[in-house]
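Peer 1: Quick one: structure below, then a few questions.
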Amino acid sequence: MERSLETQVNQAVEAWMRWLPRWQPATHRGRVAVCRRCLGSPVLAAAGLGADVPHGVQHGMSTRIKTIIDHAVADYTARNLPMLQSELDEQAERNRARSYRPAEDLPPEFEGLPLDPDPDPEAPFLFTIAGLAAESAAAMPALPPLSAEAKAALRQEVALADEYANLVGREVCALLEHHREEIHAAVGRFVEPQIDAMLADLARALDTPFDPDGHGFAP
């Protein structure tokens with residue numbers, strides 16, 4: 001029997017809770033580009049994960065909830081939108097035929113993030129993962145063109161799928177709001193102490209930038 005949306009949200013939050021103790025602040029250079037999945041996300045607003053929460057913590061939640069919405073829309077499409085389903089099946093077949101698919105089967109914490117670090121003008125890349133994936137996709141033959149009538153029908157089905165996604169998204173967000181207290185408690189237990197420790201280390205480094213023994217500026 002298919003799980004209810006409430007059950008799926010509960011399980012997604014539980015999975016995020018199990019992962020959260022393994023989260024650690026990133027020590028490498030941060031990305032310049034914003035995450036389109038997380039920026040202004042109503043899912044994160046419903047969960048109470050605001051801008052003061054590190055992006056890695058946010059992304060692990062938003063991706064898990066997005067998966068629930070995606071699966072619901074996929075089921076709705078398969079049952080009600082035959083033209084859109086046919087287009088999706090053809091695209092999926094093309095994707096399976098590609099020789100290089102680095103973005104597939106990633107953990108939720110990394111799904112949807114850029115495949116490569118931000119470029120460094122002083123150290124250009126010889127190649128990028130995204131570039132290799134694009135080359136593999138470009139080698140696939142193009143899909144057959146659609147007639148004007150088929151395009152109009154497909155646009156109508158896409159609009160229906162978007163409308164259903166919005167409906168499911170609102171319901172999922174309403175369910176997620178019930179978990180705010182436990183989400184906030186988990187952030188306070190596992191995330192905030194690590195951030196406080198980083199800020200304390202930074203404050204000590206700023207107070208004694210040249211003297212590790214804490215005696216001010218070195219002579």
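How things are named: the first chain in the structure tokens is A, the next is B, and so on; residues count from 1 in each chain; ligands count from 1 in the order shown.
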Just want the 9 Å neighbourhood of Ala72 in chain A, counted on only C-alpha atoms, with same-chain residues fewer than 5 positions away dropped. Output as a list in words.
Peer 2: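 The residues satisfying every condition are Leu5, Thr67, Thr77, Tyr164, Ala165 and Val168 of chain A.
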Peer 1: Write out, as a JSON list (two decimals), in the first residue's frame, the residues just selected, with N, CA and C atoms.
Peer 2:
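Everything below was put into selection-v7.json:
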[["chain", "number", "residue", "atom", "x", "y", "z"],
["A", 5, "LEU", "N", 1.35, 10.91, 2.49],
["A", 5, "LEU", "CA", 2.30, 12.02, 2.50],
["A", 5, "LEU", "C", 2.81, 12.26, 3.92],
["A", 67, "THR", "N", 12.19, 15.23, -2.94],
["A", 67, "THR", "CA", 12.02, 13.88, -3.47],
["A", 67, "THR", "C", 10.59, 13.38, -3.27],
["A", 77, "THR", "N", 1.56, 12.04, -12.98],
["A", 77, "THR", "CA", 1.82, 12.12, -14.41],
["A", 77, "THR", "C", 1.60, 10.78, -15.09],
["A", 164, "TYR", "N", -0.27, 20.47, -9.90],
["A", 164, "TYR", "CA", -0.32, 19.39, -8.92],
["A", 164, "TYR", "C", 0.89, 19.45, -7.99],
["A", 165, "ALA", "N", 2.06, 19.79, -8.53],
["A", 165, "ALA", "CA", 3.26, 19.91, -7.70],
["A", 165, "ALA", "C", 3.08, 20.99, -6.64],
["A", 168, "VAL", "N", 0.74, 19.57, -3.90],
["A", 168, "VAL", "CA", 1.44, 18.64, -3.01],
["A", 168, "VAL", "C", 2.45, 19.39, -2.15]]
Peer 1: Given only C-alpha atoms as the basis, pick out the residue of A:Ile69, A:Val187, A:Ala150, A:Leu81 nearest to Asn166 in chain A.
Peer 2: A:Ile69
Peer 1: Please provide as a ChimeraX atom specification all residues within 9 Å of Ile65 in chain A, with the sequence filter that same-chain residues fewer than 2 positions apart are discarded (counting only C-alpha atoms).
Peer 2: /A:8-9,12-13,43,60-63,67-70,169,172-173,176
Peer 1: One decimal, in Å: what's the spacing between CA of Gln91 in chain A and CA of Arg64 in chain A?
Peer 2: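 Pair CA of Gln91 in chain A / CA of Arg64 in chain A returns 23.2 Å.
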Peer 1: Go through range 131-212 of chain A and collect every residue that DSSP, computed from the backbone, puts in helix (DSSP H, G or I); the answer should be as a PyMOL selection string.
Peer 2: chain A and resi 131-138+148-190+192-207
Peer 1: For His71 in chain A, which residue among A:Ala161, A:Ala46, A:Ala142, A:Ala15 is the nearest when counting only C-alpha atoms?
Peer 2: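 For His71 in chain A, the nearest of the candidates is A:Ala161.
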Peer 1: Counting only C-alpha atoms, which of A:Arg18, A:Pro114, A:Leu84, A:His59 gets nearest to Ala33 in chain A?
Peer 2: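 Selected residue with least distance to Ala33 in chain A: A:Pro114.
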Peer 1: So how far away is CA of Asp105 in chain A from CA of Ala174 in chain A, in Å?
Peer 2: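 Taking CA of Ala174 in chain A as the start and CA of Asp105 in chain A as the end point, the length is 28.2 Å.
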Peer 1: Can you tell me how far CA of Leu44 in chain A sits from CA of Pro108 in chain A, in Å to one decimal?
Peer 2: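 If I compute the distance from CA of Leu44 in chain A to CA of Pro108 in chain A, I get 14.8 Å.
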Peer 1: Find the residues around Pro25 in chain A up to 10 Å (only C-alpha atoms counted), leave out those fewer than 5 positions away in its own chain, and share them as a compact mmCIF listing (two decimals) with C-alpha atoms, in the first residue's frame.
Peer 2:
# COMPACT_ATOMS: atom_id res chain seq x y z
CA PRO A 54 24.37 26.48 7.36
CA HIS A 55 23.48 25.62 3.79
CA GLY A 56 24.60 22.00 4.09
CA VAL A 57 22.06 21.46 6.87
CA VAL A 191 24.88 22.36 14.61
CA GLN A 194 30.06 23.52 16.05
CA ILE A 195 29.33 27.01 14.76
CA MET A 198 34.33 27.99 14.89
Peer 1: Near Leu20 in chain A, counting only C-alpha atoms, which residues have an atom at most 8 Å away, once you skip same-chain residues fewer than 2 positions from it, shown as a VMD selection string?
Peer 2: chain A and resid 16 to 18 22 to 23 57 186 190
Peer 1: With only C-alpha atoms as the counted atoms, please give the residues lying no more than 12 Å from Leu154 in chain A, apart from itself and same-chain residues fewer than 6 positions off, as number ranges by chain.
Peer 2: A: 77, 81-88, 146-148, 160-161
